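Source file: target-v3.csv (CSV, C-alpha atoms (C1' of nucleotides))
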chain,number,residue,atom,x,y,z
T,1113,MET,CA,121.9,116.9,71.5
T,1114,THR,CA,124.1,116.9,68.4
T,1115,PRO,CA,127.5,115.2,68.5
T,1116,GLN,CA,129.2,118.6,68.0
T,1117,ARG,CA,127.4,120.2,70.9
T,1118,THR,CA,128.2,117.2,73.1
T,1119,ALA,CA,131.9,117.4,72.1
T,1120,ALA,CA,132.0,121.2,72.7
T,1121,LEU,CA,130.4,120.8,76.2
T,1122,ARG,CA,132.8,118.1,77.2
T,1123,ARG,CA,135.9,120.0,75.9
T,1124,ARG,CA,134.9,123.4,77.4
T,1125,LEU,CA,133.8,122.0,80.8
T,1126,LEU,CA,137.0,120.0,81.2
T,1127,ALA,CA,139.2,122.9,80.2
T,1128,TRP,CA,137.4,125.2,82.5
T,1129,PHE,CA,137.6,122.7,85.3
T,1130,ASP,CA,141.4,122.3,84.8
T,1131,ALA,CA,141.8,126.0,85.2
T,1132,HIS,CA,139.4,126.6,88.0
T,1133,ARG,CA,139.1,123.5,90.2
T,1134,ARG,CA,139.3,124.3,93.9
T,1135,ASP,CA,142.0,122.6,95.9
T,1136,LEU,CA,139.9,120.5,98.2
T,1137,PRO,CA,141.3,117.8,100.6
T,1138,TRP,CA,139.4,114.9,98.9
T,1139,ARG,CA,140.8,116.0,95.6
T,1140,ARG,CA,144.3,115.3,96.8
T,1141,THR,CA,143.8,111.6,97.1
T,1142,PRO,CA,142.9,108.7,94.8
T,1143,ASP,CA,141.8,106.7,97.8
T,1144,PRO,CA,138.2,105.5,97.1
T,1145,TRP,CA,137.5,105.3,100.9
T,1146,ARG,CA,138.3,109.0,101.4
T,1147,ILE,CA,136.4,110.0,98.4
T,1148,TRP,CA,133.5,108.0,99.6
T,1149,VAL,CA,133.6,109.7,103.0
T,1150,SER,CA,133.7,113.1,101.4
T,1151,GLU,CA,130.7,112.4,99.3
T,1152,VAL,CA,128.7,111.2,102.3
T,1153,MET,CA,129.7,114.4,104.3
T,1154,LEU,CA,128.9,116.6,101.3
T,1155,GLN,CA,125.3,115.3,101.1
T,1156,GLN,CA,123.1,118.4,101.7
T,1157,THR,CA,126.1,120.0,103.3
T,1158,ARG,CA,128.3,122.8,102.0
T,1159,VAL,CA,132.0,122.3,101.1
T,1160,GLU,CA,133.3,124.9,103.6
T,1161,THR,CA,131.4,123.2,106.4
T,1162,VAL,CA,132.7,119.7,105.5
T,1163,ILE,CA,136.4,120.4,105.2
T,1164,PRO,CA,137.3,120.4,108.9
T,1165,TYR,CA,135.1,117.4,109.7
T,1166,TYR,CA,136.6,115.5,106.8
T,1167,GLU,CA,140.1,116.0,108.0
T,1168,ARG,CA,139.4,114.8,111.5
T,1169,PHE,CA,137.3,111.9,110.3
T,1170,VAL,CA,139.7,110.4,107.8
T,1171,THR,CA,142.6,110.9,110.3
T,1172,ALA,CA,140.7,108.8,112.8
T,1173,PHE,CA,139.3,106.3,110.3
T,1174,PRO,CA,141.9,106.1,107.4
T,1175,THR,CA,140.3,102.9,106.1
T,1176,ALA,CA,136.9,101.3,105.9
T,1177,ALA,CA,138.2,98.7,108.3
T,1178,ALA,CA,139.1,101.4,110.9
T,1179,LEU,CA,135.6,102.7,110.9
T,1180,ALA,CA,134.1,99.2,110.9
T,1181,THR,CA,135.9,98.2,114.0
T,1182,ALA,CA,135.4,101.5,115.9
T,1183,PRO,CA,132.6,102.1,118.4
T,1184,VAL,CA,129.8,104.1,116.8
T,1185,GLU,CA,130.0,106.6,119.6
T,1186,GLN,CA,133.4,107.7,118.4
T,1187,ALA,CA,132.2,108.1,114.8
T,1188,LEU,CA,129.2,110.1,116.1
T,1189,ARG,CA,131.4,112.4,118.1
T,1190,LEU,CA,133.5,113.2,115.0
T,1191,TRP,CA,130.3,113.8,113.1
T,1192,ALA,CA,128.7,116.0,115.8
T,1193,GLY,CA,127.6,119.3,114.3
T,1194,LEU,CA,127.3,118.0,110.7
T,1195,GLY,CA,123.7,116.9,111.0
T,1196,TYR,CA,121.9,114.0,109.3
T,1197,TYR,CA,123.4,111.5,111.8
T,1198,SER,CA,122.0,108.5,110.0
T,1199,ARG,CA,124.6,109.2,107.4
T,1200,VAL,CA,127.4,108.1,109.7
T,1201,ARG,CA,125.5,105.2,111.0
T,1202,ASN,CA,124.9,104.0,107.4
T,1203,LEU,CA,128.5,104.7,106.5
T,1204,LYS,CA,129.7,102.5,109.4
T,1205,ARG,CA,127.3,99.7,108.4
T,1206,ALA,CA,128.5,100.0,104.9
T,1207,ALA,CA,132.1,99.8,106.1
T,1208,GLU,CA,131.3,96.7,108.1
T,1209,ALA,CA,129.7,95.1,105.1
T,1210,THR,CA,132.7,96.0,103.0
T,1211,VAL,CA,135.1,94.4,105.5
T,1212,ALA,CA,132.9,91.3,106.0
T,1213,GLU,CA,132.3,90.6,102.4
T,1214,ARG,CA,135.3,92.1,100.5
T,1215,GLY,CA,138.1,92.3,103.0
T,1216,GLY,CA,137.7,96.0,103.3
T,1217,VAL,CA,138.1,96.7,99.6
T,1218,VAL,CA,135.7,99.4,98.4
T,1219,PRO,CA,133.6,98.2,95.4
T,1220,ASP,CA,134.9,99.7,92.1
T,1221,ARG,CA,131.5,99.7,90.2
T,1222,ALA,CA,128.6,102.1,90.7
T,1223,ALA,CA,126.1,99.2,90.7
T,1224,LYS,CA,127.9,97.4,93.6
T,1225,LEU,CA,128.5,100.6,95.5
T,1226,ALA,CA,124.8,101.4,95.3
T,1227,GLU,CA,124.0,98.2,97.2
T,1228,LEU,CA,125.7,99.6,100.3
T,1229,PRO,CA,123.5,101.4,102.9
T,1230,GLY,CA,123.6,105.2,102.5
T,1231,VAL,CA,124.9,105.0,99.0
T,1232,GLY,CA,122.4,106.1,96.4
T,1233,PRO,CA,122.5,107.1,92.8
T,1234,TYR,CA,124.6,110.2,93.4
T,1235,ILE,CA,127.3,108.8,95.7
T,1236,SER,CA,127.7,105.6,93.8
T,1237,GLY,CA,128.2,107.5,90.5
T,1238,ALA,CA,130.5,110.0,92.1
T,1239,VAL,CA,132.8,107.4,93.8
T,1240,ALA,CA,132.8,105.1,90.7
T,1241,SER,CA,133.6,107.9,88.3
T,1242,ILE,CA,136.1,109.9,90.4
T,1243,ALA,CA,137.9,107.0,92.1
T,1244,PHE,CA,137.6,104.3,89.4
T,1245,ASN,CA,137.0,106.1,86.1
T,1246,GLU,CA,133.8,104.4,85.4
T,1247,ARG,CA,131.7,106.2,82.8
T,1248,VAL,CA,128.6,106.9,84.9
T,1249,PRO,CA,126.9,110.2,85.8
T,1250,ALA,CA,126.8,111.8,89.2
T,1251,VAL,CA,123.7,114.0,89.4
T,1252,ASP,CA,123.5,116.2,92.4
T,1253,GLY,CA,121.6,119.5,92.9
T,1254,ASN,CA,124.2,121.4,91.0
T,1255,VAL,CA,124.0,119.1,88.0
T,1256,LEU,CA,120.2,119.3,88.0
T,1257,ARG,CA,120.4,123.1,87.9
T,1258,VAL,CA,123.2,123.3,85.3
T,1259,LEU,CA,121.8,120.8,82.8
T,1260,SER,CA,118.2,122.1,83.2
T,1261,ARG,CA,119.6,125.4,82.0
T,1262,VAL,CA,122.0,124.1,79.3
T,1263,CYS,CA,119.2,122.0,77.8
T,1264,ALA,CA,116.4,124.3,78.7
T,1265,ILE,CA,114.5,121.5,80.5
T,1266,GLU,CA,111.0,122.6,81.5
T,1267,THR,CA,110.3,119.5,83.6
T,1268,PRO,CA,110.4,120.4,87.3
T,1269,ILE,CA,113.6,119.1,88.8
T,1270,ASN,CA,112.1,118.2,92.1
T,1271,THR,CA,110.0,115.5,90.5
T,1272,LEU,CA,110.9,112.0,89.5
T,1273,PRO,CA,110.4,112.6,85.8
T,1274,GLY,CA,112.6,115.7,86.0
T,1275,ARG,CA,115.5,113.9,87.7
T,1276,GLU,CA,115.2,111.0,85.3
T,1277,GLU,CA,115.3,113.3,82.2
T,1278,ILE,CA,118.4,115.1,83.4
T,1279,THR,CA,120.1,111.9,84.6
T,1280,GLY,CA,119.6,110.5,81.0
T,1281,ILE,CA,121.2,113.6,79.6
T,1282,ALA,CA,124.1,113.5,82.0
T,1283,ALA,CA,124.6,109.8,81.3
T,1284,ASN,CA,125.0,110.5,77.6
T,1285,LEU,CA,127.2,113.5,78.2
T,1286,VAL,CA,129.8,111.8,80.5
T,1287,PRO,CA,132.9,111.1,78.4
T,1288,SER,CA,134.7,107.8,78.8
T,1289,LYS,CA,138.0,109.7,79.0
T,1290,ARG,CA,137.8,111.6,82.2
T,1291,PRO,CA,134.4,110.8,83.6
T,1292,GLY,CA,135.2,111.8,87.2
T,1293,ASP,CA,136.6,115.2,86.2
T,1294,PHE,CA,133.7,115.8,83.9
T,1295,ASN,CA,131.2,115.1,86.6
T,1296,GLN,CA,133.1,117.4,89.0
T,1297,SER,CA,133.2,120.1,86.3
T,1298,LEU,CA,129.4,120.2,86.2
T,1299,MET,CA,129.2,120.4,90.0
T,1300,GLU,CA,132.0,123.0,90.1
T,1301,LEU,CA,130.3,125.1,87.5
T,1302,GLY,CA,127.0,125.0,89.4
T,1303,ALA,CA,128.8,126.0,92.6
T,1304,ALA,CA,130.8,128.8,91.1
T,1305,VAL,CA,129.1,130.2,88.0
T,1306,CYS,CA,125.7,128.6,87.3
T,1307,VAL,CA,124.5,129.4,90.8
T,1308,PRO,CA,120.8,129.4,91.8
T,1309,ARG,CA,120.3,133.2,91.7
T,1310,ASN,CA,122.0,135.7,89.4
T,1311,PRO,CA,124.2,133.2,87.6
T,1312,ASP,CA,127.4,134.7,86.1
T,1313,CYS,CA,126.6,133.9,82.5
T,1314,ALA,CA,129.2,136.5,81.4
T,1315,THR,CA,132.0,134.2,82.5
T,1316,CYS,CA,130.4,130.9,81.7
T,1317,PRO,CA,132.5,128.6,79.6
T,1318,VAL,CA,129.4,126.9,78.0
T,1319,ARG,CA,127.3,130.0,77.4
T,1320,GLY,CA,127.6,129.3,73.7
T,1321,GLN,CA,126.1,125.8,74.3
T,1322,CYS,CA,123.4,126.9,76.7
T,1323,ALA,CA,119.8,126.7,75.4
T,1324,ALA,CA,118.5,128.8,78.3
T,1325,PHE,CA,121.0,131.5,77.7
T,1326,GLU,CA,120.2,131.5,74.0
T,1327,ARG,CA,116.5,131.9,74.7
T,1328,GLY,CA,116.9,134.4,77.6
T,1329,VAL,CA,115.3,132.1,80.1
T,1330,VAL,CA,118.2,131.4,82.4
T,1331,ASP,CA,116.4,133.2,85.3
T,1332,GLU,CA,113.3,131.0,85.0
T,1333,LEU,CA,115.2,127.7,85.2
T,1334,PRO,CA,115.4,125.2,86.8
T,1335,ARG,CA,111.6,124.9,87.2
T,1336,ARG,CA,110.3,123.4,90.4
T,1337,VAL,CA,106.9,122.4,91.6
T,1338,ALA,CA,106.1,124.6,94.6
T,1339,LYS,CA,105.8,122.5,97.7
T,1340,ARG,CA,102.5,124.0,98.7
T,1341,LYS,CA,102.0,124.6,102.3
T,1342,PRO,CA,99.0,123.0,104.0
T,1343,ARG,CA,95.7,124.7,103.5
T,1344,ILE,CA,94.3,126.1,106.7
T,1345,VAL,CA,90.9,124.6,107.6
T,1346,HIS,CA,88.8,125.8,110.4
T,1347,ALA,CA,86.3,123.4,111.9
T,1348,VAL,CA,84.0,123.0,114.9
T,1349,ALA,CA,83.6,119.7,116.8
T,1350,ALA,CA,80.6,119.2,119.1
T,1351,VAL,CA,80.7,117.5,122.5
T,1352,VAL,CA,77.1,116.3,123.0
T,1353,ARG,CA,76.4,114.4,126.3
T,1354,LYS,CA,73.6,112.3,127.5
T,1355,ARG,CA,73.8,110.3,130.6
T,1356,GLY,CA,77.4,109.4,130.3
T,1357,LYS,CA,77.3,108.9,126.6
T,1358,LEU,CA,78.7,111.0,123.8
T,1359,LEU,CA,77.5,111.5,120.2
T,1360,ILE,CA,79.9,110.0,117.8
T,1361,ALA,CA,79.8,109.6,114.0
T,1362,ARG,CA,81.7,107.7,111.4
T,1363,ARG,CA,83.8,109.4,108.7
T,1364,ALA,CA,82.9,108.7,105.1
T,1365,GLU,CA,84.7,105.9,103.4
T,1366,GLY,CA,87.4,107.0,101.1
T,1367,GLY,CA,87.9,110.5,102.5
T,1368,LEU,CA,90.4,111.8,105.0
T,1369,LEU,CA,90.7,109.2,107.8
T,1370,GLY,CA,87.9,107.4,106.0
T,1371,GLY,CA,85.8,105.0,108.1
T,1372,LEU,CA,87.2,106.1,111.4
T,1373,TRP,CA,85.0,107.4,114.3
T,1374,ARG,CA,85.0,110.9,115.5
T,1375,LEU,CA,83.1,113.5,117.4
T,1376,PRO,CA,80.7,115.2,115.0
T,1377,ALA,CA,82.5,118.1,113.4
T,1378,VAL,CA,82.0,120.5,110.5
T,1379,GLU,CA,84.1,122.8,108.5
T,1380,ALA,CA,82.8,126.1,109.8
T,1381,THR,CA,83.4,128.7,112.5
T,1382,GLY,CA,81.3,129.9,115.4
T,1383,LYS,CA,77.5,129.9,115.1
T,1384,SER,CA,77.5,129.1,111.4
T,1385,ALA,CA,78.5,125.6,112.5
T,1386,GLU,CA,74.9,124.9,113.7
T,1387,GLY,CA,73.5,124.9,110.2
T,1388,ALA,CA,76.3,122.7,109.0
T,1389,PHE,CA,75.6,120.2,111.8
T,1390,ARG,CA,72.0,120.1,110.7
T,1391,ARG,CA,72.8,119.5,107.1
T,1392,GLU,CA,75.6,117.0,107.6
T,1393,TYR,CA,74.5,115.0,110.6
T,1394,GLY,CA,70.8,115.8,111.0
T,1395,LEU,CA,71.7,117.3,114.4
T,1396,ASP,CA,69.8,120.3,115.8
T,1397,LEU,CA,72.4,121.7,118.1
T,1398,ALA,CA,72.7,124.7,120.3
T,1399,LEU,CA,76.5,125.4,120.5
T,1400,GLY,CA,77.8,126.1,124.0
T,1401,PRO,CA,81.1,127.3,125.3
T,1402,ARG,CA,84.4,126.5,123.6
T,1403,VAL,CA,86.3,124.0,125.7
T,1404,GLY,CA,89.4,123.7,123.7
T,1405,GLU,CA,91.2,123.8,120.4
T,1406,VAL,CA,93.1,121.1,118.5
T,1407,ARG,CA,95.6,122.0,115.8
T,1408,HIS,CA,96.6,119.0,113.6
T,1409,LEU,CA,98.9,119.1,110.6
T,1410,PHE,CA,98.3,116.7,107.8
T,1411,THR,CA,100.4,116.7,104.7
T,1412,HIS,CA,98.0,118.9,102.9
T,1413,VAL,CA,95.8,120.4,105.6
T,1414,ASP,CA,96.5,122.6,108.6
T,1415,LEU,CA,93.5,121.8,110.7
T,1416,ARG,CA,92.3,124.1,113.5
T,1417,LEU,CA,89.5,122.5,115.3
T,1418,GLU,CA,87.4,124.3,118.0
T,1419,VAL,CA,85.9,121.9,120.4
T,1420,HIS,CA,82.5,123.2,121.8
T,1421,GLU,CA,80.0,121.8,124.3
T,1422,ALA,CA,76.6,121.5,122.7
T,1423,LYS,CA,73.0,120.7,123.6
T,1424,LEU,CA,70.8,118.6,121.4
T,1425,VAL,CA,67.6,120.6,121.0
T,1426,ALA,CA,65.6,118.2,118.9
T,1427,PRO,CA,65.7,114.5,118.1
T,1428,ILE,CA,68.2,113.3,115.6
T,1429,SER,CA,66.5,113.5,112.2
T,1430,GLY,CA,67.0,113.7,108.6
T,1431,ASP,CA,68.3,111.2,106.0
T,1432,VAL,CA,72.0,111.8,106.3
T,1433,GLN,CA,74.7,109.4,105.7
T,1434,ALA,CA,76.8,110.4,108.7
T,1435,ARG,CA,74.0,109.7,111.2
T,1436,PRO,CA,75.6,109.9,114.6
T,1437,LYS,CA,75.0,107.5,117.5
T,1438,TRP,CA,75.2,107.6,121.2
T,1439,SER,CA,78.1,105.7,122.7
T,1440,THR,CA,79.5,105.1,126.1
T,1441,LEU,CA,83.2,106.0,126.7
T,1442,ASP,CA,84.1,102.4,127.0
T,1443,SER,CA,82.5,101.7,123.7
T,1444,ILE,CA,84.2,104.6,122.0
T,1445,ALA,CA,87.5,103.1,123.1
T,1446,LYS,CA,86.8,100.0,121.1
T,1447,HIS,CA,86.1,102.0,117.9
T,1448,ALA,CA,88.7,102.9,115.3
T,1449,VAL,CA,89.6,106.4,116.3
T,1450,SER,CA,92.4,108.4,114.7
T,1451,THR,CA,95.1,110.2,116.7
T,1452,LEU,CA,93.5,113.5,115.8
T,1453,ASP,CA,90.2,112.3,117.2
T,1454,ARG,CA,91.8,110.9,120.3
T,1455,ARG,CA,93.1,114.4,121.0
T,1456,VAL,CA,89.6,115.8,120.4
T,1457,LEU,CA,88.1,113.2,122.7
T,1458,ALA,CA,90.7,114.0,125.4
T,1459,ILE,CA,89.5,117.5,125.4
T,1460,ALA,CA,85.9,116.4,125.5
T,1461,LEU,CA,86.6,114.2,128.4
T,1462,ASN,CA,88.4,116.9,130.3
T,1463,GLY,CA,91.8,115.4,129.9
T,1464,ASP,CA,90.9,111.8,130.5
T,1465,PRO,CA,92.6,109.9,127.7
T,1466,VAL,CA,90.6,107.4,125.8
T,1467,ALA,CA,92.0,103.9,126.2
T,1468,GLU,CA,93.4,102.1,123.2
S,273,DA,C1',105.4,111.0,95.1
S,274,DA,C1',106.3,113.2,99.3
S,275,DC,C1',108.7,113.5,103.9
S,276,DG,C1',111.9,113.4,107.6
S,277,DC,C1',116.3,114.1,108.5
S,278,DG,C1',120.3,119.0,110.9
S,279,DG,C1',122.7,122.6,110.5
S,280,DG,C1',124.2,126.6,108.3
S,281,DG,C1',124.6,130.2,104.7
S,282,DT,C1',122.3,133.5,101.7
S,283,DC,C1',119.4,137.1,100.2
B,1100,DG,C1',111.8,134.1,106.9
B,1101,DA,C1',112.2,131.5,102.8
B,1102,DC,C1',115.2,129.0,100.2
B,1103,DC,C1',119.0,126.1,99.3
B,1104,DC,C1',122.8,122.9,100.0
B,1105,DA,C1',128.2,117.2,96.3
B,1106,DG,C1',120.9,113.0,99.0
B,1107,DC,C1',119.1,108.9,101.0
B,1108,DG,C1',115.7,105.9,103.1
B,1109,DT,C1',111.0,105.2,104.1
B,1110,DT,C1',106.2,105.4,103.4
Render the structure in this file as structure tokens.
Amino acid sequence: MTPQRTAALRRRLLAWFDAHRRDLPWRRTPDPWRIWVSEVMLQQTRVETVIPYYERFVTAFPTAAALATAPVEQALRLWAGLGYYSRVRNLKRAAEATVAERGGVVPDRAAKLAELPGVGPYISGAVASIAFNERVPAVDGNVLRVLSRVCAIETPINTLPGREEITGIAANLVPSKRPGDFNQSLMELGAAVCVPRNPDCATCPVRGQCAAFERGVVDELPRRVAKRKPRIVHAVAAVVRKRGKLLIARRAEGGLLGGLWRLPAVEATGKSAEGAFRREYGLDLALGPRVGEVRHLFTHVDLRLEVHEAKLVAPISGDVQARPKWSTLDSIAKHAVSTLDRRVLAIALNGDPVAE
DNA sequence: AACGCGGGGTC
DNA sequence: GACCCAGCGTT
């Protein structure tokens, strides 16, 4: 970023902000407490939604001390409908700490603000720059989007490297003159012009400084890594009984639920499972009726497991690692069994839960 | 590095 | 119905 481009961005963004800033309740006060409250409410929540809540809340709790000494139920009532209720619990805890340690005075530096519960990189930067004119960035979702376009950042913004890269750019961009207004100008631009879809580049004050516009790639930025939805995996588990015992096997070390005990199961559907049981467990099974199904969601796998009764038609054979063994129900309860497999066992046992 | 956390607006 | 929103804490 050349000094000229930095200067042009600062000048144009501030001038645009001066002309277009919305008249919002928390922009009518220099009170750091009120600005703090607004930032907490605005977390993942739209401006229009927040306004009425903000008015009621700061009327009830005009100072940190007022919130600190109020019952949490009252604060929660005023928050009801906003969502993310841990926000108000953290805000109350932070207010209590502020009263206890600083006589109710809000810290005036981002680094100190960030020590308070519920105050992270964004809120600490926003409060410090807006209320105290500290030259620190305040990077929210708008700023990520705007700067990823202005600087044509290819790094996905929903990854740590992406956020760090843009935070570094923002930190260099913030002027010492009006840091709070500058930070708000980036957010305001993201909310009004540089919106996620169909941004209004025709009216953008920094179109001439925008690398994405110059290269014609505005619509492709910001880049994100797709949060991929779990892969669907179909599997068959076998309930094999012999005189009050069940066949169980141990999962391979290092894999999913590695080392835990389970009913024998294979990634397959229907009759094709029999061959898989032979290969993986040395079990020559005749699959019987389906007695239930378990659906289990892991981070990366949407598991749909059919539980079938099965008969052992030949002795256990083969040189397989996952050699199953017979186990009494009492004994199974003493093994390491995952939540998933407890559910499978519950079906196998006709609803009788396996003891811990 | 990825999730849970709420509720609502948008396309 | 998917995506996104003035994010943070936890794992």
Next on the checklist: Give me the residues near region 1101-1103 of chain B as a list in words, where near means some atom within 10 Å (using all atoms listed in the file) and where sequence neighbours in that chain fewer than 3 positions away do not count.
Outcome noted: Gln1156, Gly1253 and Pro1308 of chain T; DG281, DT282 and DC283 of chain S
Checklist entry - What residues in chain S lie within 8 Å of chain T, counting only C-alpha atoms (C1' of nucleotides), written as a list in words? => result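 For chain S, the answer reads DA273, DC277, DG278 and DG279 of chain S.
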Go through chain T and flag each residue having an atom no more than 9 Å from chain B; for those, report the closest pair of atoms plus their distance in Å to one decimal, using only C-alpha atoms (C1' of nucleotides), ordered by chain and rising number, as JSON lines.
{"residue": "T:Ser1150", "atom": "CA", "partner": "B:DA1105", "partner_atom": "C1'", "distance": 8.5}
{"residue": "T:Glu1151", "atom": "CA", "partner": "B:DA1105", "partner_atom": "C1'", "distance": 6.2}
{"residue": "T:Val1152", "atom": "CA", "partner": "B:DA1105", "partner_atom": "C1'", "distance": 8.5}
{"residue": "T:Met1153", "atom": "CA", "partner": "B:DA1105", "partner_atom": "C1'", "distance": 8.6}
{"residue": "T:Leu1154", "atom": "CA", "partner": "B:DA1105", "partner_atom": "C1'", "distance": 5.1}
{"residue": "T:Gln1155", "atom": "CA", "partner": "B:DG1106", "partner_atom": "C1'", "distance": 5.4}
{"residue": "T:Gln1156", "atom": "CA", "partner": "B:DC1104", "partner_atom": "C1'", "distance": 4.8}
{"residue": "T:Thr1157", "atom": "CA", "partner": "B:DC1104", "partner_atom": "C1'", "distance": 5.5}
{"residue": "T:Arg1158", "atom": "CA", "partner": "B:DC1104", "partner_atom": "C1'", "distance": 5.9}
{"residue": "T:Val1159", "atom": "CA", "partner": "B:DA1105", "partner_atom": "C1'", "distance": 8.0}
{"residue": "T:Arg1199", "atom": "CA", "partner": "B:DC1107", "partner_atom": "C1'", "distance": 8.4}
{"residue": "T:Pro1229", "atom": "CA", "partner": "B:DC1107", "partner_atom": "C1'", "distance": 8.9}
{"residue": "T:Gly1230", "atom": "CA", "partner": "B:DC1107", "partner_atom": "C1'", "distance": 6.0}
{"residue": "T:Val1231", "atom": "CA", "partner": "B:DC1107", "partner_atom": "C1'", "distance": 7.3}
{"residue": "T:Gly1232", "atom": "CA", "partner": "B:DC1107", "partner_atom": "C1'", "distance": 6.3}
{"residue": "T:Pro1233", "atom": "CA", "partner": "B:DG1106", "partner_atom": "C1'", "distance": 8.7}
{"residue": "T:Tyr1234", "atom": "CA", "partner": "B:DG1106", "partner_atom": "C1'", "distance": 7.3}
{"residue": "T:Ile1235", "atom": "CA", "partner": "B:DG1106", "partner_atom": "C1'", "distance": 8.3}
{"residue": "T:Ala1238", "atom": "CA", "partner": "B:DA1105", "partner_atom": "C1'", "distance": 8.6}
{"residue": "T:Val1251", "atom": "CA", "partner": "B:DA1105", "partner_atom": "C1'", "distance": 8.8}
{"residue": "T:Asp1252", "atom": "CA", "partner": "B:DA1105", "partner_atom": "C1'", "distance": 6.2}
{"residue": "T:Gly1253", "atom": "CA", "partner": "B:DA1105", "partner_atom": "C1'", "distance": 7.8}
{"residue": "T:Asn1254", "atom": "CA", "partner": "B:DA1105", "partner_atom": "C1'", "distance": 7.9}
{"residue": "T:Gln1296", "atom": "CA", "partner": "B:DA1105", "partner_atom": "C1'", "distance": 8.8}
{"residue": "T:Met1299", "atom": "CA", "partner": "B:DA1105", "partner_atom": "C1'", "distance": 7.1}
{"residue": "T:Pro1308", "atom": "CA", "partner": "B:DC1103", "partner_atom": "C1'", "distance": 8.4}
Item to check | One-decimal distance in Å that lies between CA of Leu1461 (chain T) and CA of Lys1357 (chain T) | outcome: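 Answer for the CA of Lys1357 (chain T) to CA of Leu1461 (chain T) separation: 10.9 Å.
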Item to check | For CA of Glu1418 (chain T) and CA of Ala1458 (chain T), the interatomic separation in Å (one decimal) | outcome: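 We find that CA of Glu1418 (chain T) and CA of Ala1458 (chain T) lie 13.1 Å from each other.
Between CA of Tyr1165 (chain T) and CA of Arg1205 (chain T) there is a distance of 19.4 Å.
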Next on the checklist: If we count all atoms listed in the file and set the cut-off at 7 Å, which residues sit around Ala1180 (chain T), ignoring sequence neighbours fewer than 3 positions away in its own chain? Please answer as a PyMOL selection string.
Outcome noted: chain T and resi 1176-1177+1204+1207-1208
Checklist outcome for this item: Closest of T:Thr1175, T:Asn1202, T:Thr1381, T:Ser1260 to Gly1302 (chain T), counting all atoms listed in the file, is T:Ser1260
Next on the checklist: For a cutoff of 8 Å around the file-coordinate point (124.4, 111.9, 87.0), which residues qualify once you count only C-alpha atoms (C1' of nucleotides)? I'd like the result as an MDAnalysis selection string.
Outcome noted: chainID T and resid 1233:1234 1237 1248:1252 1255 1278:1280 1282:1283 1295
Write the residues of the preceding selection, restricted to C-alpha atoms, as a compact mmCIF listing (two decimals), in the frame of the given file.
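Written file, out.txt:
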# COMPACT_ATOMS: atom_id res chain seq x y z
CA PRO T 1233 122.50 107.10 92.80
CA TYR T 1234 124.60 110.20 93.40
CA GLY T 1237 128.20 107.50 90.50
CA VAL T 1248 128.60 106.90 84.90
CA PRO T 1249 126.90 110.20 85.80
CA ALA T 1250 126.80 111.80 89.20
CA VAL T 1251 123.70 114.00 89.40
CA ASP T 1252 123.50 116.20 92.40
CA VAL T 1255 124.00 119.10 88.00
CA ILE T 1278 118.40 115.10 83.40
CA THR T 1279 120.10 111.90 84.60
CA GLY T 1280 119.60 110.50 81.00
CA ALA T 1282 124.10 113.50 82.00
CA ALA T 1283 124.60 109.80 81.30
CA ASN T 1295 131.20 115.10 86.60
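Residues in contact range of region 1320-1336 of chain T, defined as at most 8 Å between all atoms listed in the file, with sequence neighbours fewer than 2 positions away removed, read Arg1117, Ala1120, Leu1121, Leu1256, Arg1257, Ser1260, Arg1261, Val1262, Cys1263, Ala1264, Ile1265, Glu1266, Thr1267, Pro1268, Ile1269, Asn1270, Thr1271, Arg1309, Asn1310, Cys1313, Pro1317, Val1318 and Ala1338 of chain T.
Closest approach to Glu1392 (chain T) from the set T:Ser1429, T:His1420, T:Arg1319, T:Glu1167 is made by T:Ser1429, with distances taken over only C-alpha atoms.
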Checklist outcome for this item: Shortest contact to Ser1288 (chain T), candidates T:Arg1247, T:Thr1315, T:Gly1394, T:Arg1168, atoms counted only C-alpha atoms, goes to T:Arg1247
Is there a way to complete region 1456-1461 of chain T with N, CA, C and O atoms and then write that out as a CSV table (one decimal), keeping the file's coordinate frame?
chain,number,residue,atom,x,y,z
T,1456,VAL,N,90.9,115.1,120.3
T,1456,VAL,CA,89.6,115.8,120.4
T,1456,VAL,C,88.8,115.2,121.6
T,1456,VAL,O,88.3,115.9,122.5
T,1457,LEU,N,88.8,113.9,121.6
T,1457,LEU,CA,88.1,113.2,122.7
T,1457,LEU,C,88.7,113.6,124.1
T,1457,LEU,O,88.0,113.7,125.1
T,1458,ALA,N,90.1,113.7,124.1
T,1458,ALA,CA,90.7,114.0,125.4
T,1458,ALA,C,90.2,115.3,125.9
T,1458,ALA,O,90.0,115.5,127.1
T,1459,ILE,N,90.0,116.3,125.0
T,1459,ILE,CA,89.5,117.5,125.4
T,1459,ILE,C,88.1,117.4,125.9
T,1459,ILE,O,87.6,117.9,126.9
T,1460,ALA,N,87.3,116.6,125.1
T,1460,ALA,CA,85.9,116.4,125.5
T,1460,ALA,C,85.8,115.8,126.8
T,1460,ALA,O,84.8,116.1,127.6
T,1461,LEU,N,86.7,114.9,127.2
T,1461,LEU,CA,86.6,114.2,128.4
T,1461,LEU,C,87.4,114.9,129.5
T,1461,LEU,O,87.7,114.3,130.5
